[in-house]
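J.: Structure file input_1.csv, CSV, C-alpha atoms, is pasted below:
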```csv
chain,number,residue,atom,x,y,z
A,1,MET,CA,-121.5,144.8,48.8
A,2,THR,CA,-119.6,142.4,46.6
A,3,SER,CA,-122.4,140.1,45.3
A,4,ASP,CA,-125.8,140.5,43.7
A,5,THR,CA,-128.4,141.5,46.3
A,6,ILE,CA,-132.1,141.4,45.8
A,7,GLN,CA,-134.6,143.3,48.0
A,8,PRO,CA,-138.1,142.4,46.9
A,9,HIS,CA,-140.3,144.7,49.1
A,10,PRO,CA,-140.8,148.5,48.9
A,11,PRO,CA,-140.1,150.4,52.1
A,12,ALA,CA,-142.7,152.6,53.7
A,13,ARG,CA,-142.6,156.2,52.5
A,14,SER,CA,-141.1,158.5,55.1
A,15,GLU,CA,-139.3,161.5,53.5
A,16,THR,CA,-138.3,162.9,50.1
A,17,ARG,CA,-136.2,160.5,48.2
A,18,ILE,CA,-133.7,161.4,45.5
A,19,LEU,CA,-135.9,160.1,42.7
A,20,ASP,CA,-139.2,161.4,43.9
A,21,PRO,CA,-140.8,163.7,41.3
A,22,GLY,CA,-140.5,167.4,41.7
A,23,MET,CA,-137.7,170.0,41.9
A,24,ASP,CA,-136.5,170.4,45.5
A,25,LEU,CA,-134.7,173.8,45.9
A,26,THR,CA,-133.8,173.6,49.5
A,27,LEU,CA,-130.1,173.5,50.3
A,28,ARG,CA,-130.6,173.8,54.1
A,29,PRO,CA,-130.7,171.4,55.7
A,30,MET,CA,-128.6,169.6,53.1
A,31,ARG,CA,-129.9,166.0,52.5
A,32,TYR,CA,-126.9,164.8,50.5
A,33,PRO,CA,-123.7,166.7,51.4
A,34,VAL,CA,-121.6,164.1,49.5
A,35,PHE,CA,-122.8,165.6,46.2
A,36,TYR,CA,-121.9,169.1,47.4
A,37,ASP,CA,-118.4,167.8,48.3
A,38,MET,CA,-118.1,166.3,44.8
A,39,TYR,CA,-119.1,169.6,43.3
A,40,ARG,CA,-116.4,171.4,45.3
A,41,ASP,CA,-113.8,168.8,44.3
A,42,ALA,CA,-114.7,169.2,40.7
A,43,ILE,CA,-114.2,173.0,40.9
A,44,LYS,CA,-110.7,172.4,42.2
A,45,ASN,CA,-110.0,170.1,39.2
A,46,THR,CA,-110.1,173.0,36.7
A,47,TRP,CA,-108.1,173.0,33.5
A,48,THR,CA,-108.3,174.6,30.1
A,49,VAL,CA,-107.8,173.4,26.5
A,50,GLU,CA,-105.3,176.1,25.9
A,51,GLU,CA,-102.8,174.4,28.2
A,52,VAL,CA,-102.5,171.4,25.9
A,53,ASP,CA,-99.4,171.5,23.7
A,54,PHE,CA,-99.9,169.6,20.4
A,55,SER,CA,-96.7,170.8,18.8
A,56,THR,CA,-94.9,167.4,19.1
A,57,ASP,CA,-98.0,165.6,18.0
A,58,LEU,CA,-97.7,167.3,14.6
A,59,VAL,CA,-94.3,165.9,14.1
A,60,ASP,CA,-95.5,162.4,15.1
A,61,LEU,CA,-98.4,162.6,12.7
A,62,SER,CA,-96.3,163.7,9.8
A,63,SER,CA,-93.3,161.3,10.2
A,64,ARG,CA,-93.5,158.8,13.1
A,65,LEU,CA,-96.8,157.0,12.9
A,66,MET,CA,-97.0,153.7,11.0
A,67,PRO,CA,-100.0,153.4,8.6
A,68,ALA,CA,-101.9,151.1,11.0
A,69,GLU,CA,-101.3,153.6,13.8
A,70,THR,CA,-102.6,156.4,11.6
A,71,HIS,CA,-105.7,154.4,10.9
A,72,LEU,CA,-106.1,153.9,14.7
A,73,ILE,CA,-105.8,157.6,15.4
A,74,HIS,CA,-108.2,158.6,12.6
A,75,ARG,CA,-110.9,156.2,13.9
A,76,LEU,CA,-110.3,157.4,17.5
A,77,VAL,CA,-110.7,161.1,16.7
A,78,ALA,CA,-113.8,160.3,14.7
A,79,PHE,CA,-115.3,158.7,17.8
A,80,PHE,CA,-114.2,161.7,19.9
A,81,ALA,CA,-115.8,164.1,17.5
A,82,THR,CA,-119.3,163.5,18.9
A,83,GLY,CA,-118.9,161.2,21.9
A,84,ASP,CA,-119.0,163.8,24.7
A,85,SER,CA,-121.8,165.7,22.9
A,86,ILE,CA,-124.0,162.6,23.2
A,87,VAL,CA,-123.2,162.4,27.0
A,88,SER,CA,-124.1,166.1,27.4
A,89,ASN,CA,-127.4,165.6,25.6
A,90,ASN,CA,-128.4,162.7,28.0
A,91,LEU,CA,-127.3,164.8,31.0
A,92,VAL,CA,-129.6,167.7,30.0
A,93,LEU,CA,-132.5,165.7,28.6
A,94,ASN,CA,-132.7,162.8,31.1
A,95,LEU,CA,-130.6,163.2,34.2
A,96,TYR,CA,-130.9,166.7,35.5
A,97,LYS,CA,-134.7,166.8,35.6
A,98,HIS,CA,-135.1,163.6,37.6
A,99,ILE,CA,-132.4,163.8,40.3
A,100,ASN,CA,-134.3,165.6,43.0
A,101,ALA,CA,-131.6,167.1,45.1
A,102,PRO,CA,-130.3,170.6,44.5
A,103,GLU,CA,-126.7,169.8,45.7
A,104,ALA,CA,-126.7,166.9,43.1
A,105,ARG,CA,-127.9,169.2,40.4
A,106,MET,CA,-125.0,171.6,41.3
A,107,TYR,CA,-122.6,168.8,40.5
A,108,LEU,CA,-124.5,168.0,37.3
A,109,SER,CA,-124.2,171.7,36.3
A,110,ARG,CA,-120.4,171.4,36.7
A,111,GLN,CA,-120.4,168.1,34.8
A,112,LEU,CA,-122.2,169.8,31.9
A,113,TYR,CA,-119.4,172.4,31.8
A,114,GLU,CA,-116.8,169.7,31.8
A,115,GLU,CA,-118.5,167.9,29.0
A,116,ALA,CA,-118.4,171.2,27.0
A,117,LEU,CA,-114.7,171.5,27.8
A,118,HIS,CA,-114.2,168.0,26.5
A,119,VAL,CA,-116.0,168.8,23.3
A,120,GLN,CA,-113.8,171.9,22.9
A,121,PHE,CA,-110.7,169.7,23.5
A,122,TYR,CA,-111.8,167.2,20.9
A,123,LEU,CA,-112.7,170.0,18.5
A,124,THR,CA,-109.2,171.5,18.9
A,125,LEU,CA,-107.8,168.0,18.5
A,126,LEU,CA,-109.6,167.5,15.2
A,127,ASP,CA,-108.7,170.9,13.9
A,128,THR,CA,-105.0,170.2,14.7
A,129,TYR,CA,-104.8,166.6,13.5
A,130,ILE,CA,-107.1,167.0,10.4
A,131,PRO,CA,-106.5,170.4,8.8
A,132,ASP,CA,-108.5,169.5,5.7
A,133,ILE,CA,-112.1,170.8,6.2
A,134,ARG,CA,-113.7,168.0,4.2
A,135,GLU,CA,-111.9,165.3,6.2
A,136,ARG,CA,-113.0,167.0,9.4
A,137,GLU,CA,-116.6,166.9,8.1
A,138,LYS,CA,-116.2,163.2,7.5
A,139,ALA,CA,-115.0,162.7,11.1
A,140,PHE,CA,-118.1,164.4,12.5
A,141,ALA,CA,-120.3,162.3,10.2
A,142,ALA,CA,-118.7,159.0,11.4
A,143,ILE,CA,-121.7,158.2,13.5
A,144,HIS,CA,-123.6,157.8,10.3
A,145,ASN,CA,-120.9,156.4,7.9
A,146,ILE,CA,-118.5,154.2,9.8
A,147,PRO,CA,-120.3,151.0,11.0
A,148,SER,CA,-118.2,150.5,14.2
A,149,ILE,CA,-118.8,154.1,15.3
A,150,LYS,CA,-122.4,154.0,14.2
A,151,ALA,CA,-123.0,150.9,16.4
A,152,LYS,CA,-121.7,152.8,19.4
A,153,ALA,CA,-123.8,155.9,18.7
A,154,ASP,CA,-126.9,153.7,18.2
A,155,PHE,CA,-126.3,152.1,21.5
A,156,CYS,CA,-126.1,155.5,23.2
A,157,PHE,CA,-129.2,156.8,21.4
A,158,LYS,CA,-131.2,153.7,22.4
A,159,TRP,CA,-130.6,154.5,26.0
A,160,ILE,CA,-131.2,158.2,25.6
A,161,ASP,CA,-134.5,157.4,23.9
A,162,SER,CA,-135.4,154.9,26.6
A,163,ILE,CA,-136.6,157.6,29.0
A,164,GLN,CA,-136.9,160.5,26.6
A,165,GLU,CA,-140.7,160.7,27.1
A,166,LEU,CA,-140.5,160.2,30.8
A,167,ASP,CA,-141.5,163.6,32.3
A,168,ARG,CA,-142.0,162.5,35.9
A,169,ILE,CA,-140.8,159.4,37.8
A,170,GLU,CA,-144.0,158.1,39.3
A,171,SER,CA,-143.7,154.4,39.6
A,172,ALA,CA,-141.1,151.7,40.5
A,173,GLU,CA,-140.9,150.8,36.8
A,174,ASP,CA,-140.1,154.5,36.0
A,175,ARG,CA,-137.3,154.4,38.6
A,176,ARG,CA,-135.8,151.2,37.1
A,177,ARG,CA,-135.9,152.8,33.6
A,178,PHE,CA,-134.1,155.8,34.9
A,179,LEU,CA,-131.5,153.7,36.8
A,180,LEU,CA,-130.8,151.8,33.6
A,181,ASN,CA,-130.2,155.0,31.7
A,182,LEU,CA,-127.9,156.4,34.4
A,183,ILE,CA,-126.0,153.1,34.8
A,184,CYS,CA,-125.6,152.8,31.0
A,185,PHE,CA,-124.0,156.2,30.7
A,186,ALA,CA,-121.8,155.7,33.8
A,187,CYS,CA,-120.7,152.1,33.2
A,188,CYS,CA,-120.9,151.6,29.5
A,189,ILE,CA,-120.3,154.9,27.8
A,190,GLU,CA,-118.1,156.9,30.1
A,191,GLY,CA,-116.9,153.8,32.0
A,192,LEU,CA,-116.2,151.5,29.0
A,193,PHE,CA,-116.3,153.2,25.6
A,194,PHE,CA,-114.2,156.1,26.9
A,195,PHE,CA,-111.9,153.9,28.9
A,196,ALA,CA,-111.2,151.9,25.8
A,197,ALA,CA,-110.4,155.1,23.9
A,198,PHE,CA,-108.1,156.2,26.7
A,199,ALA,CA,-106.3,152.8,26.5
A,200,TYR,CA,-105.5,153.5,22.8
A,201,VAL,CA,-104.2,156.9,23.7
A,202,TYR,CA,-102.0,155.6,26.5
A,203,PHE,CA,-100.7,152.8,24.3
A,204,LEU,CA,-99.4,155.3,21.9
A,205,ARG,CA,-98.0,157.4,24.7
A,206,SER,CA,-96.1,154.2,25.9
A,207,LYS,CA,-94.4,154.3,22.5
A,208,GLY,CA,-93.5,157.9,22.9
A,209,LEU,CA,-96.2,159.1,20.5
A,210,LEU,CA,-98.8,161.9,20.6
A,211,ASN,CA,-97.8,163.3,24.1
A,212,GLY,CA,-100.1,166.3,23.6
A,213,LEU,CA,-103.1,164.0,23.2
A,214,ALA,CA,-102.1,162.0,26.2
A,215,SER,CA,-101.6,165.2,28.3
A,216,GLY,CA,-105.2,166.4,27.5
A,217,THR,CA,-106.5,162.9,28.0
A,218,ASN,CA,-105.1,162.9,31.5
A,219,TRP,CA,-107.4,165.7,32.5
A,220,VAL,CA,-110.4,164.3,30.6
A,221,PHE,CA,-109.8,160.9,32.3
A,222,ARG,CA,-109.8,162.6,35.7
A,223,ASP,CA,-113.1,164.3,34.9
A,224,GLU,CA,-114.8,161.2,33.6
A,225,SER,CA,-113.7,159.3,36.7
A,226,MET,CA,-115.4,161.9,38.9
A,227,HIS,CA,-118.5,161.7,36.6
A,228,MET,CA,-118.7,158.0,37.2
A,229,ALA,CA,-118.1,158.3,41.0
A,230,PHE,CA,-121.1,160.7,41.1
A,231,ALA,CA,-123.4,158.4,39.1
A,232,PHE,CA,-122.4,155.4,41.3
A,233,GLU,CA,-123.2,157.5,44.4
A,234,VAL,CA,-126.6,158.3,43.0
A,235,VAL,CA,-127.2,154.6,42.4
A,236,GLU,CA,-126.1,153.7,45.9
A,237,THR,CA,-128.3,156.4,47.3
A,238,VAL,CA,-131.3,154.9,45.5
A,239,ARG,CA,-130.3,151.5,46.7
A,240,ARG,CA,-130.3,152.7,50.3
A,241,GLU,CA,-133.6,154.5,49.9
A,242,GLU,CA,-135.4,152.0,47.7
A,243,PRO,CA,-133.6,148.7,47.8
A,244,TYR,CA,-136.5,146.8,46.4
A,245,LEU,CA,-135.8,148.3,43.0
A,246,PHE,CA,-132.7,146.2,42.7
A,247,ASP,CA,-134.5,143.0,41.9
A,248,GLU,CA,-133.5,140.1,39.6
A,249,GLY,CA,-135.0,141.9,36.6
A,250,LEU,CA,-132.9,145.0,37.1
A,251,ILE,CA,-129.7,143.1,37.8
A,252,GLY,CA,-130.3,140.9,34.7
A,253,ASP,CA,-130.9,144.0,32.6
A,254,ILE,CA,-127.7,145.6,33.9
A,255,ARG,CA,-125.7,142.5,33.0
A,256,ASN,CA,-127.2,142.2,29.6
A,257,MET,CA,-126.5,145.9,28.9
A,258,ILE,CA,-122.9,145.6,29.9
A,259,ASP,CA,-122.5,142.5,27.7
A,260,GLU,CA,-123.9,144.4,24.8
A,261,ALA,CA,-121.6,147.3,25.4
A,262,VAL,CA,-118.5,145.0,25.5
A,263,GLU,CA,-119.5,143.5,22.1
A,264,CYS,CA,-120.3,146.9,20.7
A,265,GLU,CA,-116.8,148.2,21.7
A,266,MET,CA,-115.2,145.0,20.4
A,267,GLN,CA,-116.7,145.8,17.0
A,268,PHE,CA,-114.8,149.1,17.2
A,269,ALA,CA,-111.6,147.3,18.4
A,270,VAL,CA,-111.7,145.0,15.3
A,271,ASP,CA,-112.0,148.1,13.1
A,272,ILE,CA,-109.4,150.3,14.9
A,273,LEU,CA,-106.8,147.5,15.2
A,274,GLY,CA,-107.7,145.6,12.0
A,275,GLN,CA,-104.7,146.8,10.1
A,276,GLY,CA,-102.3,145.2,12.6
A,277,VAL,CA,-101.0,147.5,15.3
A,278,PRO,CA,-97.8,146.0,16.8
A,279,GLY,CA,-98.0,145.7,20.6
A,280,MET,CA,-101.8,145.8,20.8
A,281,SER,CA,-104.0,142.8,19.8
A,282,ILE,CA,-107.7,142.4,19.4
A,283,ASN,CA,-107.6,139.6,21.9
A,284,ASP,CA,-105.9,141.7,24.5
A,285,MET,CA,-108.4,144.5,23.9
A,286,ARG,CA,-111.2,142.0,24.6
A,287,SER,CA,-109.5,141.0,27.9
A,288,TYR,CA,-109.1,144.6,28.8
A,289,LEU,CA,-112.8,145.4,28.1
A,290,GLU,CA,-113.9,142.5,30.2
A,291,PHE,CA,-111.6,143.5,33.0
A,292,VAL,CA,-113.0,147.0,32.9
A,293,ALA,CA,-116.6,145.6,32.7
A,294,ASP,CA,-116.0,143.6,35.9
A,295,GLN,CA,-114.7,146.8,37.6
A,296,ARG,CA,-118.0,148.5,36.6
A,297,LEU,CA,-120.0,145.7,38.0
A,298,GLY,CA,-118.0,146.0,41.2
A,299,ASN,CA,-118.7,149.7,41.3
A,300,LEU,CA,-122.4,148.8,41.3
A,301,GLY,CA,-122.0,146.2,44.1
A,302,LEU,CA,-122.5,143.3,41.7
A,303,ALA,CA,-120.4,140.2,41.3
A,304,PRO,CA,-117.9,140.0,38.4
A,305,ARG,CA,-118.9,138.4,35.2
A,306,TYR,CA,-115.8,137.8,33.1
A,307,GLY,CA,-112.8,137.2,35.4
A,308,SER,CA,-110.3,138.7,32.9
A,309,LYS,CA,-107.1,140.3,33.9
A,310,ASN,CA,-105.7,143.7,32.6
A,311,PRO,CA,-103.3,142.8,29.8
A,312,PHE,CA,-102.0,146.3,29.4
A,313,ALA,CA,-99.2,147.1,31.8
A,314,PHE,CA,-99.2,150.7,30.6
A,315,MET,CA,-102.7,151.1,32.0
A,316,GLU,CA,-101.7,150.1,35.5
A,317,LEU,CA,-100.3,153.6,35.8
A,318,GLN,CA,-103.8,154.9,35.4
A,319,ASP,CA,-105.1,152.7,38.3
A,320,VAL,CA,-108.5,151.9,36.8
A,321,GLN,CA,-109.7,150.3,40.0
A,322,GLU,CA,-109.4,153.4,42.2
A,323,LEU,CA,-111.5,156.2,40.6
A,324,SER,CA,-110.7,158.7,43.4
A,325,ASN,CA,-106.9,158.6,42.9
A,326,PHE,CA,-106.3,159.5,39.2
A,327,PHE,CA,-103.6,162.0,38.6
A,328,GLU,CA,-103.3,163.4,42.1
A,329,ARG,CA,-100.2,165.3,41.1
A,330,ARG,CA,-102.0,167.2,38.4
A,331,VAL,CA,-105.1,167.8,40.6
A,332,SER,CA,-103.0,169.1,43.5
A,333,ALA,CA,-101.6,171.7,41.1
A,334,TYR,CA,-105.1,173.1,40.6
A,335,GLN,CA,-106.2,173.3,44.2
A,336,VAL,CA,-108.2,176.5,44.6
A,337,GLY,CA,-108.1,178.1,48.0
A,338,VAL,CA,-111.4,177.9,49.8
A,339,SER,CA,-112.0,180.0,53.0
A,340,GLY,CA,-114.7,179.6,55.6
A,341,SER,CA,-116.7,176.5,56.4
A,342,VAL,CA,-120.0,174.9,55.3
A,343,SER,CA,-122.5,173.6,57.8
A,344,PHE,CA,-124.8,170.9,56.4
A,345,ASP,CA,-127.5,170.8,59.0
A,346,GLU,CA,-128.5,174.5,59.6
A,347,ALA,CA,-131.7,175.9,58.3
A,348,PHE,CA,-132.0,179.2,56.5
```
Mind turning the file's structure into structure tokens?
T.:
Amino acid sequence: MTSDTIQPHPPARSETRILDPGMDLTLRPMRYPVFYDMYRDAIKNTWTVEEVDFSTDLVDLSSRLMPAETHLIHRLVAFFATGDSIVSNNLVLNLYKHINAPEARMYLSRQLYEEALHVQFYLTLLDTYIPDIREREKAFAAIHNIPSIKAKADFCFKWIDSIQELDRIESAEDRRRFLLNLICFACCIEGLFFFAAFAYVYFLRSKGLLNGLASGTNWVFRDESMHMAFAFEVVETVRREEPYLFDEGLIGDIRNMIDEAVECEMQFAVDILGQGVPGMSINDMRSYLEFVADQRLGNLGLAPRYGSKNPFAFMELQDVQELSNFFERRVSAYQVGVSGSVSFDEAF
């Protein structure tokens, strides 16, 4: 689907749907084998923080970064300090309890581990880059004290709070509220805020700087791409089961949300690039954000909104349009042997 589609009428209820209230525990017969496959693929994509070598980064930080680049990296690590913790909180508080498929919850359990791994990576990053304890404390307080980071955190918390009190999904309106939360975290937070952060990292790598950070980011990037692919598959599953939910109101809300996320991330771009970073302009970052936003709309089966091109040649290496193909060389190095076979249609 490449354009906005509206299905106004609810279908007749026939069998359990993925957003029906309850906690289905039955893995045989398996209703959604695609999520089990995603879980197994995630297990194969295993890495550890201890593999990241920051030794050359310390040389870059002490002698090679320009003042504007130092400001950029300080703002970036301040965002990293709590970014994935926010995603983890939403996963635990709002997503796991409402996605009613045990194979999907298996994937979410793996995602929660990966978010914890990312938190460990960023904690190690901060400990390495900012040895002064007081400065590290300031970085963790950035969501309160730095306006551009606070704006992003407030955007996240608004969508966490949007379904915080929703204990059971009973109505069509409940389902739409849940979808907006899921889409926000997939498209706007993991798919836009973090993709912008990755662009700053890969820009510095293109200049031969902070290769340790870029190495770890490669693996985080792969994980985040799989997280998005999972969320988009949940959305598409809901669309197949309950197409009437995707009405003009929901589609309009999605577009407004993405607009807000782009402007929120632009506030951060003005801050992070405000001291003048040669080779990366604020205007180019807006084009990049709009390009990525159109990619996210496409992931949802919606028409593009901005029509911007990717201005960053160094990001073409990351292939932001094909979420399934990131860093295949690295992933193949972590393939874990699996013996036996899985049958998805047998009963216990």
J.: Taking all atoms listed in the file into account, which of A:Leu112, A:Ala172, A:Leu123, A:Leu25 comes nearest Leu91 (chain A)?
T.: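 Result for the nearest residue to Leu91 (chain A): A:Leu112.
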J.: Between CA of Leu166 (chain A) and CA of Ala101 (chain A), what distance in Å does the model show, to one decimal?
T.: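 Answer for the CA of Leu166 (chain A) to CA of Ala101 (chain A) separation: 18.2 Å.
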J.: I need the residue nearest Leu289 (chain A) from this list: A:Met66, A:Arg240, A:Gly274, A:Ala199. Use all atoms listed in the file for the distance.
T.: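 Checking each of A:Met66, A:Arg240, A:Gly274, A:Ala199 against Leu289 (chain A), counting all atoms listed in the file, the winner is A:Ala199.
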J.: Near region 218-231 of chain A, within 7 Å and counting all atoms listed in the file, which residues show up once chain neighbours fewer than 2 positions away are dropped, as a CSV table (one decimal) with C-alpha atoms, keeping the file's coordinate frame?
T.:
```
chain,number,residue,atom,x,y,z
A,111,GLN,CA,-120.4,168.1,34.8
A,118,HIS,CA,-114.2,168.0,26.5
A,182,LEU,CA,-127.9,156.4,34.4
A,186,ALA,CA,-121.8,155.7,33.8
A,190,GLU,CA,-118.1,156.9,30.1
A,191,GLY,CA,-116.9,153.8,32.0
A,214,ALA,CA,-102.1,162.0,26.2
A,215,SER,CA,-101.6,165.2,28.3
A,216,GLY,CA,-105.2,166.4,27.5
A,233,GLU,CA,-123.2,157.5,44.4
A,234,VAL,CA,-126.6,158.3,43.0
A,235,VAL,CA,-127.2,154.6,42.4
A,323,LEU,CA,-111.5,156.2,40.6
A,326,PHE,CA,-106.3,159.5,39.2
A,327,PHE,CA,-103.6,162.0,38.6
```
J.: Using all atoms listed in the file, what does the table of region 96-152 of chain A residues within 9 Å of region 44-57 of chain A look like, with each row giving the shortest atom pair and its distance in Å to one decimal, sorted by chain and ascending number, as CSV?
T.:
```
residue,atom,partner,partner_atom,distance
A:Glu114,CA,A:Thr46,CA,8.9
A:Leu117,CA,A:Val49,CA,7.3
A:His118,CA,A:Val49,CA,8.4
A:Gln120,CA,A:Val49,CA,7.2
A:Phe121,CA,A:Val49,CA,5.6
A:Thr124,CA,A:Val49,CA,8.0
A:Leu125,CA,A:Phe54,CA,8.3
A:Thr128,CA,A:Phe54,CA,7.7
A:Tyr129,CA,A:Asp57,CA,8.2
```
J.: What's the separation between CA of Arg255 (chain A) and CA of Leu179 (chain A), in Å to one decimal place?
T.: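 CA of Arg255 (chain A) sits 13.2 Å away from CA of Leu179 (chain A).
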J.: I'd like the interatomic distance between CA of Arg177 (chain A) and CA of Leu297 (chain A), to a tenth of an Å.
T.: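 CA of Leu297 (chain A) lies 18.0 Å from CA of Arg177 (chain A).
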J.: Counting only C-alpha atoms, which residues have an atom no more than 12 Å from (-144.6, 166.5, 43.9) in the file's coordinates? Please list them as an MDAnalysis selection string.
T.: chainID A and resid 16:17 19:24 98 100 168:170
J.: Please produce a file of those selected residues containing C-alpha atoms, as a PDB file, in the coordinates of the input.
T.:
```
ATOM      1  CA  THR A  16    -138.300 162.900  50.100  1.00  0.00           C
ATOM      2  CA  ARG A  17    -136.200 160.500  48.200  1.00  0.00           C
ATOM      3  CA  LEU A  19    -135.900 160.100  42.700  1.00  0.00           C
ATOM      4  CA  ASP A  20    -139.200 161.400  43.900  1.00  0.00           C
ATOM      5  CA  PRO A  21    -140.800 163.700  41.300  1.00  0.00           C
ATOM      6  CA  GLY A  22    -140.500 167.400  41.700  1.00  0.00           C
ATOM      7  CA  MET A  23    -137.700 170.000  41.900  1.00  0.00           C
ATOM      8  CA  ASP A  24    -136.500 170.400  45.500  1.00  0.00           C
ATOM      9  CA  HIS A  98    -135.100 163.600  37.600  1.00  0.00           C
ATOM     10  CA  ASN A 100    -134.300 165.600  43.000  1.00  0.00           C
ATOM     11  CA  ARG A 168    -142.000 162.500  35.900  1.00  0.00           C
ATOM     12  CA  ILE A 169    -140.800 159.400  37.800  1.00  0.00           C
ATOM     13  CA  GLU A 170    -144.000 158.100  39.300  1.00  0.00           C
TER      14      GLU A 170
END
```
J.: Within 10 Å of (-125.2, 155.2, 20.8), all atoms listed in the file: residues as a list of chain:residue names?
T.: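 Final list of nearby residues, as requested, is A:Gly83, A:Ile86, A:Val87, A:Ile143, A:Ile149, A:Lys150, A:Ala151, A:Lys152, A:Ala153, A:Asp154, A:Phe155, A:Cys156, A:Phe157, A:Lys158, A:Trp159, A:Ile160, A:Ile189, A:Ala261, A:Cys264.
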J.: Generate N, CA, C and O atoms for region 38-53 of chain A and emit them as a PDB file, keeping the file's coordinate frame.
T.:
```
ATOM      1  N   MET A  38    -118.585 166.661  46.156  1.00  0.00           N
ATOM      2  CA  MET A  38    -118.100 166.300  44.800  1.00  0.00           C
ATOM      3  C   MET A  38    -118.101 167.546  43.906  1.00  0.00           C
ATOM      4  O   MET A  38    -117.187 167.709  43.087  1.00  0.00           O
ATOM      5  N   TYR A  39    -119.095 168.405  44.062  1.00  0.00           N
ATOM      6  CA  TYR A  39    -119.100 169.600  43.300  1.00  0.00           C
ATOM      7  C   TYR A  39    -117.878 170.486  43.601  1.00  0.00           C
ATOM      8  O   TYR A  39    -117.192 170.978  42.697  1.00  0.00           O
ATOM      9  N   ARG A  40    -117.555 170.635  44.878  1.00  0.00           N
ATOM     10  CA  ARG A  40    -116.400 171.400  45.300  1.00  0.00           C
ATOM     11  C   ARG A  40    -115.093 170.799  44.768  1.00  0.00           C
ATOM     12  O   ARG A  40    -114.174 171.509  44.326  1.00  0.00           O
ATOM     13  N   ASP A  41    -114.998 169.475  44.829  1.00  0.00           N
ATOM     14  CA  ASP A  41    -113.800 168.800  44.300  1.00  0.00           C
ATOM     15  C   ASP A  41    -113.658 169.016  42.811  1.00  0.00           C
ATOM     16  O   ASP A  41    -112.546 169.181  42.299  1.00  0.00           O
ATOM     17  N   ALA A  42    -114.781 169.004  42.108  1.00  0.00           N
ATOM     18  CA  ALA A  42    -114.700 169.200  40.700  1.00  0.00           C
ATOM     19  C   ALA A  42    -114.242 170.620  40.331  1.00  0.00           C
ATOM     20  O   ALA A  42    -113.471 170.819  39.381  1.00  0.00           O
ATOM     21  N   ILE A  43    -114.667 171.614  41.107  1.00  0.00           N
ATOM     22  CA  ILE A  43    -114.200 173.000  40.900  1.00  0.00           C
ATOM     23  C   ILE A  43    -112.703 173.079  41.045  1.00  0.00           C
ATOM     24  O   ILE A  43    -112.019 173.784  40.294  1.00  0.00           O
ATOM     25  N   LYS A  44    -112.171 172.347  42.023  1.00  0.00           N
ATOM     26  CA  LYS A  44    -110.700 172.400  42.200  1.00  0.00           C
ATOM     27  C   LYS A  44    -109.962 171.760  41.054  1.00  0.00           C
ATOM     28  O   LYS A  44    -108.798 172.091  40.820  1.00  0.00           O
ATOM     29  N   ASN A  45    -110.610 170.868  40.342  1.00  0.00           N
ATOM     30  CA  ASN A  45    -110.000 170.100  39.200  1.00  0.00           C
ATOM     31  C   ASN A  45    -110.227 170.880  37.921  1.00  0.00           C
ATOM     32  O   ASN A  45    -110.805 170.348  36.992  1.00  0.00           O
ATOM     33  N   THR A  46    -109.784 172.136  37.856  1.00  0.00           N
ATOM     34  CA  THR A  46    -110.100 173.000  36.700  1.00  0.00           C
ATOM     35  C   THR A  46    -108.847 173.012  35.770  1.00  0.00           C
ATOM     36  O   THR A  46    -107.714 173.159  36.221  1.00  0.00           O
ATOM     37  N   TRP A  47    -109.114 172.897  34.486  1.00  0.00           N
ATOM     38  CA  TRP A  47    -108.100 173.000  33.500  1.00  0.00           C
ATOM     39  C   TRP A  47    -108.649 173.636  32.234  1.00  0.00           C
ATOM     40  O   TRP A  47    -109.861 173.805  32.137  1.00  0.00           O
ATOM     41  N   THR A  48    -107.803 174.002  31.304  1.00  0.00           N
ATOM     42  CA  THR A  48    -108.300 174.600  30.100  1.00  0.00           C
ATOM     43  C   THR A  48    -107.619 173.940  28.867  1.00  0.00           C
ATOM     44  O   THR A  48    -106.498 173.416  28.959  1.00  0.00           O
ATOM     45  N   VAL A  49    -108.302 173.969  27.753  1.00  0.00           N
ATOM     46  CA  VAL A  49    -107.800 173.400  26.500  1.00  0.00           C
ATOM     47  C   VAL A  49    -106.519 174.061  26.064  1.00  0.00           C
ATOM     48  O   VAL A  49    -105.605 173.430  25.496  1.00  0.00           O
ATOM     49  N   GLU A  50    -106.439 175.361  26.328  1.00  0.00           N
ATOM     50  CA  GLU A  50    -105.300 176.100  25.900  1.00  0.00           C
ATOM     51  C   GLU A  50    -103.969 175.652  26.490  1.00  0.00           C
ATOM     52  O   GLU A  50    -102.886 175.965  25.978  1.00  0.00           O
ATOM     53  N   GLU A  51    -104.045 174.897  27.578  1.00  0.00           N
ATOM     54  CA  GLU A  51    -102.800 174.400  28.200  1.00  0.00           C
ATOM     55  C   GLU A  51    -102.236 173.176  27.470  1.00  0.00           C
ATOM     56  O   GLU A  51    -101.106 172.779  27.753  1.00  0.00           O
ATOM     57  N   VAL A  52    -102.993 172.576  26.579  1.00  0.00           N
ATOM     58  CA  VAL A  52    -102.500 171.400  25.900  1.00  0.00           C
ATOM     59  C   VAL A  52    -101.626 171.786  24.730  1.00  0.00           C
ATOM     60  O   VAL A  52    -102.012 172.577  23.868  1.00  0.00           O
ATOM     61  N   ASP A  53    -100.427 171.233  24.714  1.00  0.00           N
ATOM     62  CA  ASP A  53     -99.400 171.500  23.700  1.00  0.00           C
ATOM     63  C   ASP A  53     -99.409 170.384  22.659  1.00  0.00           C
ATOM     64  O   ASP A  53     -98.964 169.280  22.975  1.00  0.00           O
TER      65      ASP A  53
END
```
